[in-house]
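Peer 1: Take a look at the following structure, please.
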Amino acid sequence: MRLVVARCSVDYTGRLTAHLPLAPRLLILKADGSVLVHSDGGSYKPLNWMSPPATLRTTERSAAEAEADPEGAWIQQWDVTHTKTGDTLRVRIHELIEESAHELGEDPGLQKDGVEAHLQALLAEHIHTLGEGWSLVRREYGTAIGPVDILARDAQGRAVAVEIKRRGEIDGVEQLTRYLELLNRDPLLAPVRGIFAAQIIKPQARVLAQDRGIECVTLDYDALRGMDDAESRLF
């Protein structure tokens with residue numbers, strides 16, 4: 001992993017267009033090819049990013065060349081291009097403040113809470129709980145910012161990202177929102193809709209999810225385990 005603190009501007013061009021004006025930022029380049037742009041605020045969400053697979057091309061120029069350019073006195077330019085979509089993240093560094101590289105090795109992955117992990121396994125096994133004709137694509141489907149719990153396809157073959165929590169709160173909806181932003185950049189998957197699934201979903205989280213077009217599903221743990229027959233209940 002390479003960490004760079006620099007005064008830079010950032011432009012994203014492709015399925016969407018975005019611009020970050022010149023400011024000090026943290027740039028993270030990971031071994032998997034992803035690049036993330038962070039500020040000192042905004043919690044843990046990157047301001048912009050490029051997910052793998054991607055290629056990085058670096059252009060360097062001298063201080064004299066930079067000063068002579070009326071379009072901006074940048075000293076280093078990164079062009080990060082997504083291999084499949086052709087989307088480009090361009091970072092222009094005007095001042096390199098600090099840089100370091102670290103070999104982290106292979107990560108064992110997130111160890112989820114026991115009930116939450118079991119819910120994920122059960123829902124993957126009984127994906128039809130979400131609808132007739134549904135099929136499982138993969139559990140722990142990887143993205144540049146972490147794995148989404150379940151990627152499935154509905155009866156019409158459309159991709160659906162499912163985030164599972166024992167207790168559904170606002171931060172879980174925010175997490176799923178970030179996954180959807182990344183997944184919808186992949187033309188092989190887009191459009192991808194989201195489902196926020198939990199045993200209990202707080203009202204504030206439900207309102208936020210609905211506002212973002214995310215469906216909420218309340219999971220019955222005992223029913224998924226086959227220990228409760230909803231049809232035999234009186235209430």
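Chain labels follow the order of the structure tokens: the first chain is A, the next B, and so on; residue numbering restarts at 1 in every chain, and ligands are counted from 1 in their shown order.
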Check segment 2-204 of chain A with DSSP on the backbone and list each residue it calls strand (DSSP E), as a PyMOL selection string.
Peer 2: chain A and resi 2-13+18-29+35-38+48-50+54-60+76-82+88-101+135-141+148-153+159-168+192-201
Peer 1: Might you pull out every residue within 9 Å of segment 54-57 of chain A, with only C-alpha atoms counted and same-chain residues fewer than 2 positions away left off, and present them as an MDAnalysis selection string?
Peer 2: chainID A and resid 32:35 50:52 59 77:84 86
Peer 1: Considering only C-alpha atoms, return as a count of residues only whatever protein or nucleic-acid residues lie within 12 Å of Thr143 of chain A, sequence-local ones (same chain, fewer than 6 positions apart) excluded.
Peer 2: 23
Peer 1: Check the DSSP output for the backbone and give back, as a count of residues only, the residues of segment 150-197 of chain A in helix (DSSP H, G or I).
Peer 2: 14
Peer 1: Any chance you could tabulate, as JSON lines, the residues of segment 22-106 of chain A at most 6 Å from segment 4-18 of chain A with each one's nearest atom pair and distance in Å to one decimal, using only C-alpha atoms, in chain and rising number order?
Peer 2:
{"residue": "A:Leu22", "atom": "CA", "partner": "A:Ser9", "partner_atom": "CA", "distance": 4.3}
{"residue": "A:Ala23", "atom": "CA", "partner": "A:Arg7", "partner_atom": "CA", "distance": 5.1}
{"residue": "A:Pro24", "atom": "CA", "partner": "A:Arg7", "partner_atom": "CA", "distance": 4.0}
{"residue": "A:Arg25", "atom": "CA", "partner": "A:Ala6", "partner_atom": "CA", "distance": 5.6}
{"residue": "A:Leu26", "atom": "CA", "partner": "A:Val5", "partner_atom": "CA", "distance": 4.6}
{"residue": "A:Leu27", "atom": "CA", "partner": "A:Val4", "partner_atom": "CA", "distance": 5.0}
{"residue": "A:Asp87", "atom": "CA", "partner": "A:Gly14", "partner_atom": "CA", "distance": 4.3}
{"residue": "A:Thr88", "atom": "CA", "partner": "A:Thr13", "partner_atom": "CA", "distance": 5.2}
{"residue": "A:Leu89", "atom": "CA", "partner": "A:Tyr12", "partner_atom": "CA", "distance": 4.5}
{"residue": "A:Arg90", "atom": "CA", "partner": "A:Asp11", "partner_atom": "CA", "distance": 5.2}
{"residue": "A:Val91", "atom": "CA", "partner": "A:Val10", "partner_atom": "CA", "distance": 4.6}
{"residue": "A:Arg92", "atom": "CA", "partner": "A:Ser9", "partner_atom": "CA", "distance": 5.3}
{"residue": "A:Ile93", "atom": "CA", "partner": "A:Cys8", "partner_atom": "CA", "distance": 4.3}
{"residue": "A:His94", "atom": "CA", "partner": "A:Arg7", "partner_atom": "CA", "distance": 5.6}
{"residue": "A:Glu95", "atom": "CA", "partner": "A:Arg7", "partner_atom": "CA", "distance": 5.0}
{"residue": "A:Leu96", "atom": "CA", "partner": "A:Ala6", "partner_atom": "CA", "distance": 4.6}
{"residue": "A:Ile97", "atom": "CA", "partner": "A:Ala6", "partner_atom": "CA", "distance": 5.0}
{"residue": "A:Glu98", "atom": "CA", "partner": "A:Val5", "partner_atom": "CA", "distance": 5.1}
{"residue": "A:Glu99", "atom": "CA", "partner": "A:Val4", "partner_atom": "CA", "distance": 4.4}
Peer 1: Suppose you want the space between atom CA of Glu132 of chain A and atom CA of Pro203 of chain A; what is it in Å?
Peer 2: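 These atoms are spaced 27.3 Å apart.
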Peer 1: Calculated over only C-alpha atoms, which of the candidates A:Leu136, A:Ala124, A:Leu208, A:Met1 has the smallest distance to His102 of chain A?
Peer 2: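 Nearest candidate to His102 of chain A out of A:Leu136, A:Ala124, A:Leu208, A:Met1: A:Met1.
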